[in-house]
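Asks: One structure is given below, represented as structure tokens, and several questions about it will come after.
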Amino acid sequence: MPRKARRISKTGCYHVIVRGLNKSAIFKSKSEKTRILNLIKENMEGYNVLVYAYCIMSNHLHLLIKAELDDLASFMSRISTSFAHYYNYRHSRAGTVFQDRYRSQCIESESYFWNCLRYIHLNPVKAGICRYMEDYTYSSIGEYSGPGEEDKEILSEEAHKRIKERFQTQKELMDFHKRRDRYFFYDMPEDEFLHRKEISWDILREMECELKLPAKEILDYTKTRGKFEKELKDLFKISTRSVKELREAIEKELKKDVC
């Protein structure tokens with residue numbers, strides 16, 4: 001079966017995710033994280049890519065990147081192949097290291113760009129690895145919050161310029177990362193449902209305030225339940241069945257709270 005063609009972003013920006021085979025922690029050690037970061041840094045210029053954000057987790061990595069689609073494919077192939085050779089040699093193994101090809105999500109608007117950048121930086125906090133995103137060494141937040149030019153390792157000059165135009169101070173940058181949003185970004189398949197459910201809870205809480213009704217009643221009444229489900233369907237672009245699964249998961253949690 002032929003692979004589905006990748007969609008071209010109008011802005012040229014993409015949220016890219018690569019994961020280890022069978023959820024393997026291929027970036028578990030400091031040297032493995034450093035190696036993939038060095039490969040990204042060494043190959044950016046040759047493939048004409050600009051990196052705006054990155055985060056290396058133990059079993060996957062995130063990139064917010066700008067490139068022509070062909071350049072992006074070549075760049076990702078290069079760093080993936082080079083890292084696989086390194087990883088296999090280091091662990092005396094052979095075969096595939098990464099799970100399928102990389103996943104990419106088009107970044108089509110300014111607000112989507114900034115919320116994606118925030119989402120990437122908050123990954124270690126979300127995973128419970130650290131309490132504050134700036135404490136995590138292997139993400140781009142350290143480059144953005146560093147004191148001088150010497151800290152600019154992977155991020156493009158355009159990335160630093162864009163940050164300075166958007167945020168007047170470091171405090172503004174950090175405060176921005178504390179906000180919540182409803183944007184849904186590609187993540188590991190096992191995390192997508194949890195991410196959607198978290199956003200769904202936010203929507204339900206807003207409806208509680210708006211309608212002056214408890215969450216259980218909102219989901220019990222046909223009219224309000226329909227409104228809630230429509231908002232989820234419009235936001236996530238998912239099937240009626242998937243919306244139902246989200247609602248049922250929330251209803252299950254509501255029952256636990258009662259008990």
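Each chain of the structure tokens is named A, B, ... in the order shown, its residues numbered from 1; ligands are numbered from 1 in display order.
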Give me the residues within 6 Å of region 102-116 of chain A as a PDB file with N, CA and C atoms, in the first residue's frame, counting only C-alpha atoms and dropping any in the same chain fewer than 4 places off.

Replies:
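The resulting out.pdb:
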```
ATOM      1  N   SER A   9       2.961  22.648   4.104  1.00  0.00           N
ATOM      2  CA  SER A   9       2.556  23.757   4.963  1.00  0.00           C
ATOM      3  C   SER A   9       2.624  25.076   4.213  1.00  0.00           C
ATOM      4  N   LYS A  10       1.618  25.899   4.365  1.00  0.00           N
ATOM      5  CA  LYS A  10       1.603  27.217   3.709  1.00  0.00           C
ATOM      6  C   LYS A  10       2.713  28.110   4.239  1.00  0.00           C
ATOM      7  N   THR A  11       3.097  27.907   5.491  1.00  0.00           N
ATOM      8  CA  THR A  11       4.142  28.735   6.104  1.00  0.00           C
ATOM      9  C   THR A  11       5.531  28.124   5.967  1.00  0.00           C
ATOM     10  N   CYS A  13       6.473  25.728   7.834  1.00  0.00           N
ATOM     11  CA  CYS A  13       6.831  25.246   9.172  1.00  0.00           C
ATOM     12  C   CYS A  13       6.099  23.943   9.495  1.00  0.00           C
ATOM     13  N   TYR A  14       6.798  23.060  10.214  1.00  0.00           N
ATOM     14  CA  TYR A  14       6.237  21.759  10.562  1.00  0.00           C
ATOM     15  C   TYR A  14       6.595  21.388  12.001  1.00  0.00           C
ATOM     16  N   HIS A  15       5.671  20.710  12.633  1.00  0.00           N
ATOM     17  CA  HIS A  15       5.956  20.068  13.923  1.00  0.00           C
ATOM     18  C   HIS A  15       6.294  18.618  13.585  1.00  0.00           C
ATOM     19  N   VAL A  16       7.530  18.223  13.871  1.00  0.00           N
ATOM     20  CA  VAL A  16       8.028  16.903  13.496  1.00  0.00           C
ATOM     21  C   VAL A  16       8.268  16.062  14.748  1.00  0.00           C
ATOM     22  N   ILE A  17       7.868  14.795  14.683  1.00  0.00           N
ATOM     23  CA  ILE A  17       8.092  13.860  15.784  1.00  0.00           C
ATOM     24  C   ILE A  17       8.709  12.579  15.237  1.00  0.00           C
ATOM     25  N   VAL A  18       9.741  12.095  15.933  1.00  0.00           N
ATOM     26  CA  VAL A  18      10.363  10.810  15.622  1.00  0.00           C
ATOM     27  C   VAL A  18      10.382  10.004  16.906  1.00  0.00           C
TER      28      VAL A  18
END
```

Asks: Within 8 Å of region 85-88 of chain A, counting only C-alpha atoms, which residues show up once you throw out same-chain ones fewer than 4 positions away? Write them as a PyMOL selection string, please.

Replies: chain A and resi 26+32+81+92-95+97

Asks: What does the distance from CA of Phe98 (chain A) to CA of Asp135 (chain A) come to in Å, to one decimal?

Replies: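 Value for the CA of Phe98 (chain A)-CA of Asp135 (chain A) distance: 27.0 Å.
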
Asks: Do a neighbour search on Asn38 (chain A) at 12 Å with only C-alpha atoms, toss out local chain neighbours closer than 3 positions, and write the hits as a PyMOL selection string.

Replies: chain A and resi 31-35+41-44+56+79+82-83+138+153-154

Asks: Could you turn the residues from that selection into a file that holds N, CA, C and O atoms, as a CSV table (one decimal), in the first residue's frame?

Replies:
```
chain,number,residue,atom,x,y,z
A,31,SER,N,24.7,10.8,26.5
A,31,SER,CA,25.5,10.7,25.3
A,31,SER,C,24.6,10.5,24.1
A,31,SER,O,24.8,11.1,23.0
A,32,GLU,N,23.5,9.8,24.3
A,32,GLU,CA,22.5,9.6,23.1
A,32,GLU,C,21.8,10.9,22.8
A,32,GLU,O,21.6,11.2,21.6
A,33,LYS,N,21.4,11.6,23.8
A,33,LYS,CA,20.7,12.9,23.6
A,33,LYS,C,21.6,13.8,23.0
A,33,LYS,O,21.3,14.6,22.0
A,34,THR,N,22.9,13.9,23.4
A,34,THR,CA,23.9,14.8,22.9
A,34,THR,C,24.2,14.4,21.4
A,34,THR,O,24.3,15.3,20.6
A,35,ARG,N,24.2,13.2,21.1
A,35,ARG,CA,24.5,12.7,19.8
A,35,ARG,C,23.5,13.2,18.8
A,35,ARG,O,23.8,13.7,17.7
A,41,LYS,N,22.4,19.7,14.6
A,41,LYS,CA,23.3,20.9,14.4
A,41,LYS,C,24.2,20.8,13.2
A,41,LYS,O,24.3,21.8,12.4
A,42,GLU,N,24.8,19.7,13.0
A,42,GLU,CA,25.7,19.5,11.9
A,42,GLU,C,25.1,19.5,10.6
A,42,GLU,O,25.8,19.8,9.6
A,43,ASN,N,23.8,19.1,10.5
A,43,ASN,CA,23.2,18.9,9.2
A,43,ASN,C,22.2,20.0,8.8
A,43,ASN,O,21.7,20.0,7.7
A,44,MET,N,22.0,21.0,9.6
A,44,MET,CA,21.0,22.0,9.3
A,44,MET,C,21.3,22.8,8.1
A,44,MET,O,20.5,23.0,7.2
A,56,ILE,N,14.3,16.7,23.2
A,56,ILE,CA,14.7,15.3,23.1
A,56,ILE,C,14.2,14.6,24.4
A,56,ILE,O,14.8,14.8,25.5
A,79,ILE,N,19.7,12.5,9.6
A,79,ILE,CA,20.0,12.4,11.0
A,79,ILE,C,19.5,11.1,11.6
A,79,ILE,O,20.1,10.5,12.5
A,82,SER,N,22.1,8.3,10.5
A,82,SER,CA,23.4,8.5,11.2
A,82,SER,C,23.2,8.1,12.7
A,82,SER,O,24.1,7.4,13.2
A,83,PHE,N,22.1,8.5,13.3
A,83,PHE,CA,21.9,8.1,14.7
A,83,PHE,C,21.7,6.6,14.8
A,83,PHE,O,22.2,6.0,15.8
A,138,TYR,N,17.8,19.3,27.6
A,138,TYR,CA,17.7,18.9,26.2
A,138,TYR,C,16.5,19.4,25.5
A,138,TYR,O,15.9,18.7,24.7
A,153,GLU,N,23.1,27.5,20.0
A,153,GLU,CA,23.7,26.3,19.5
A,153,GLU,C,23.0,25.7,18.3
A,153,GLU,O,23.6,25.5,17.2
A,154,ILE,N,21.7,25.5,18.4
A,154,ILE,CA,20.9,24.8,17.3
A,154,ILE,C,19.9,25.8,16.7
A,154,ILE,O,19.8,25.8,15.5
```

Asks: Ranking A:Lys28, A:His91, A:Arg196, A:Arg225 by minimum distance to Leu246 (chain A) and counting only C-alpha atoms, which one comes first?

Replies: A:Arg196

Asks: Would you pick out the contacts of Ser156 (chain A) at 9 Å or less, using only C-alpha atoms, so that residues sharing its chain but fewer than 5 positions from it are not included, and give the list as a PyMOL selection string?

Replies: chain A and resi 49-52+161

Asks: Please report the interatomic distance between CA of His60 (chain A) and CA of Ser77 (chain A) in Å with one decimal.

Replies: 15.3 Å

Asks: Nearest to Ser200 (chain A) among A:Ile40, A:Leu213, A:Ile250, A:Leu72, with distances taken over only C-alpha atoms: which residue is it?

Replies: A:Ile250

Asks: For the helix (DSSP H, G or I) assignment from backbone DSSP, which residues of region 72-153 of chain A qualify? Please present them as a PyMOL selection string.

Replies: chain A and resi 72-90+110-121+123-126+133-135+141-145+149-151

Asks: So, counting only C-alpha atoms, which residue among A:Arg6, A:Lys233, A:Arg205, A:Lys216 is closest to Arg101 (chain A)?

Replies: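 Answer, going by the shortest atom-to-atom distance: A:Arg6.
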
Asks: Give me every strand (DSSP E or B) residue in region 3-169 of chain A, going by DSSP on the backbone, as a VMD selection string.

Replies: chain A and resid 13 to 20 50 to 56 60 to 66 98 103 to 107 139

Asks: Write out, as a compact mmCIF listing (two decimals), in the first residue's frame, the residues just selected, with N, CA and C atoms.

Replies:
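selection-v7.txt written:
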```
# COMPACT_ATOMS: atom_id res chain seq x y z
N CYS A 13 6.47 25.73 7.83
CA CYS A 13 6.83 25.25 9.17
C CYS A 13 6.10 23.94 9.50
N TYR A 14 6.80 23.06 10.21
CA TYR A 14 6.24 21.76 10.56
C TYR A 14 6.60 21.39 12.00
N HIS A 15 5.67 20.71 12.63
CA HIS A 15 5.96 20.07 13.92
C HIS A 15 6.29 18.62 13.59
N VAL A 16 7.53 18.22 13.87
CA VAL A 16 8.03 16.90 13.50
C VAL A 16 8.27 16.06 14.75
N ILE A 17 7.87 14.80 14.68
CA ILE A 17 8.09 13.86 15.78
C ILE A 17 8.71 12.58 15.24
N VAL A 18 9.74 12.10 15.93
CA VAL A 18 10.36 10.81 15.62
C VAL A 18 10.38 10.00 16.91
N ARG A 19 10.04 8.72 16.83
CA ARG A 19 10.01 7.90 18.03
C ARG A 19 10.83 6.64 17.86
N GLY A 20 11.25 6.06 18.99
CA GLY A 20 11.99 4.82 18.97
C GLY A 20 11.10 3.63 18.67
N LEU A 50 15.63 25.49 9.20
CA LEU A 50 15.70 26.39 10.34
C LEU A 50 14.94 25.76 11.50
N VAL A 51 15.59 25.67 12.65
CA VAL A 51 14.96 25.07 13.81
C VAL A 51 14.50 26.17 14.76
N TYR A 52 13.21 26.12 15.14
CA TYR A 52 12.64 27.10 16.06
C TYR A 52 12.47 26.55 17.48
N ALA A 53 12.35 25.23 17.57
CA ALA A 53 12.20 24.61 18.90
C ALA A 53 12.54 23.13 18.77
N TYR A 54 13.03 22.57 19.88
CA TYR A 54 13.32 21.13 19.91
C TYR A 54 13.21 20.64 21.34
N CYS A 55 12.97 19.35 21.47
CA CYS A 55 12.98 18.70 22.77
C CYS A 55 13.29 17.22 22.56
N ILE A 56 14.33 16.74 23.22
CA ILE A 56 14.73 15.34 23.12
C ILE A 56 14.25 14.60 24.36
N HIS A 60 11.46 9.67 22.18
CA HIS A 60 11.07 10.41 20.99
C HIS A 60 11.63 11.83 21.03
N LEU A 61 11.57 12.49 19.88
CA LEU A 61 12.03 13.89 19.83
C LEU A 61 11.01 14.74 19.10
N HIS A 62 10.95 16.00 19.47
CA HIS A 62 10.09 17.00 18.82
C HIS A 62 10.95 18.06 18.17
N LEU A 63 10.53 18.51 16.99
CA LEU A 63 11.17 19.64 16.32
C LEU A 63 10.10 20.56 15.77
N LEU A 64 10.29 21.85 15.93
CA LEU A 64 9.50 22.86 15.22
C LEU A 64 10.46 23.43 14.20
N ILE A 65 10.21 23.16 12.94
CA ILE A 65 11.24 23.36 11.92
C ILE A 65 10.63 23.98 10.66
N LYS A 66 11.45 24.78 9.99
CA LYS A 66 11.02 25.38 8.73
C LYS A 66 11.91 24.87 7.61
N PHE A 98 14.26 3.39 14.66
CA PHE A 98 13.11 4.29 14.74
C PHE A 98 11.81 3.61 14.30
N ARG A 103 6.74 11.71 11.79
CA ARG A 103 5.41 12.30 11.65
C ARG A 103 5.56 13.81 11.54
N SER A 104 4.72 14.43 10.74
CA SER A 104 4.80 15.88 10.59
C SER A 104 3.41 16.49 10.58
N GLN A 105 3.32 17.65 11.20
CA GLN A 105 2.05 18.40 11.29
C GLN A 105 2.30 19.80 10.76
N CYS A 106 1.48 20.24 9.82
CA CYS A 106 1.65 21.57 9.23
C CYS A 106 1.30 22.66 10.25
N ILE A 107 2.14 23.66 10.32
CA ILE A 107 1.89 24.83 11.17
C ILE A 107 1.43 25.95 10.24
N SER A 139 16.26 20.69 25.67
CA SER A 139 15.23 21.38 24.88
C SER A 139 15.73 22.78 24.56
```

Asks: Might you pull out every residue within 12 Å of Ile218 (chain A), with only C-alpha atoms counted and same-chain residues fewer than 3 positions away left off, and present them as a list in words?

Replies: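 After dropping sequence-adjacent residues, the list is Ile203, Leu204, Arg205, Glu206, Met207, Glu208, Cys209, Glu210, Leu211, Lys212, Leu213, Pro214, Ala215, Tyr221, Thr222, Lys223, Thr224, Arg225, Gly226, Lys227, Phe228, Glu229, Arg247, Ile250, Glu251 and Leu254 of chain A.
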
Asks: Kindly indicate which residue among A:Met57, A:Leu173, A:Gln168, A:Tyr144 lies nearest to Gly128 (chain A), using only C-alpha atoms for the distances.

Replies: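 Ranking A:Met57, A:Leu173, A:Gln168, A:Tyr144 by distance to Gly128 (chain A), first place goes to A:Met57.
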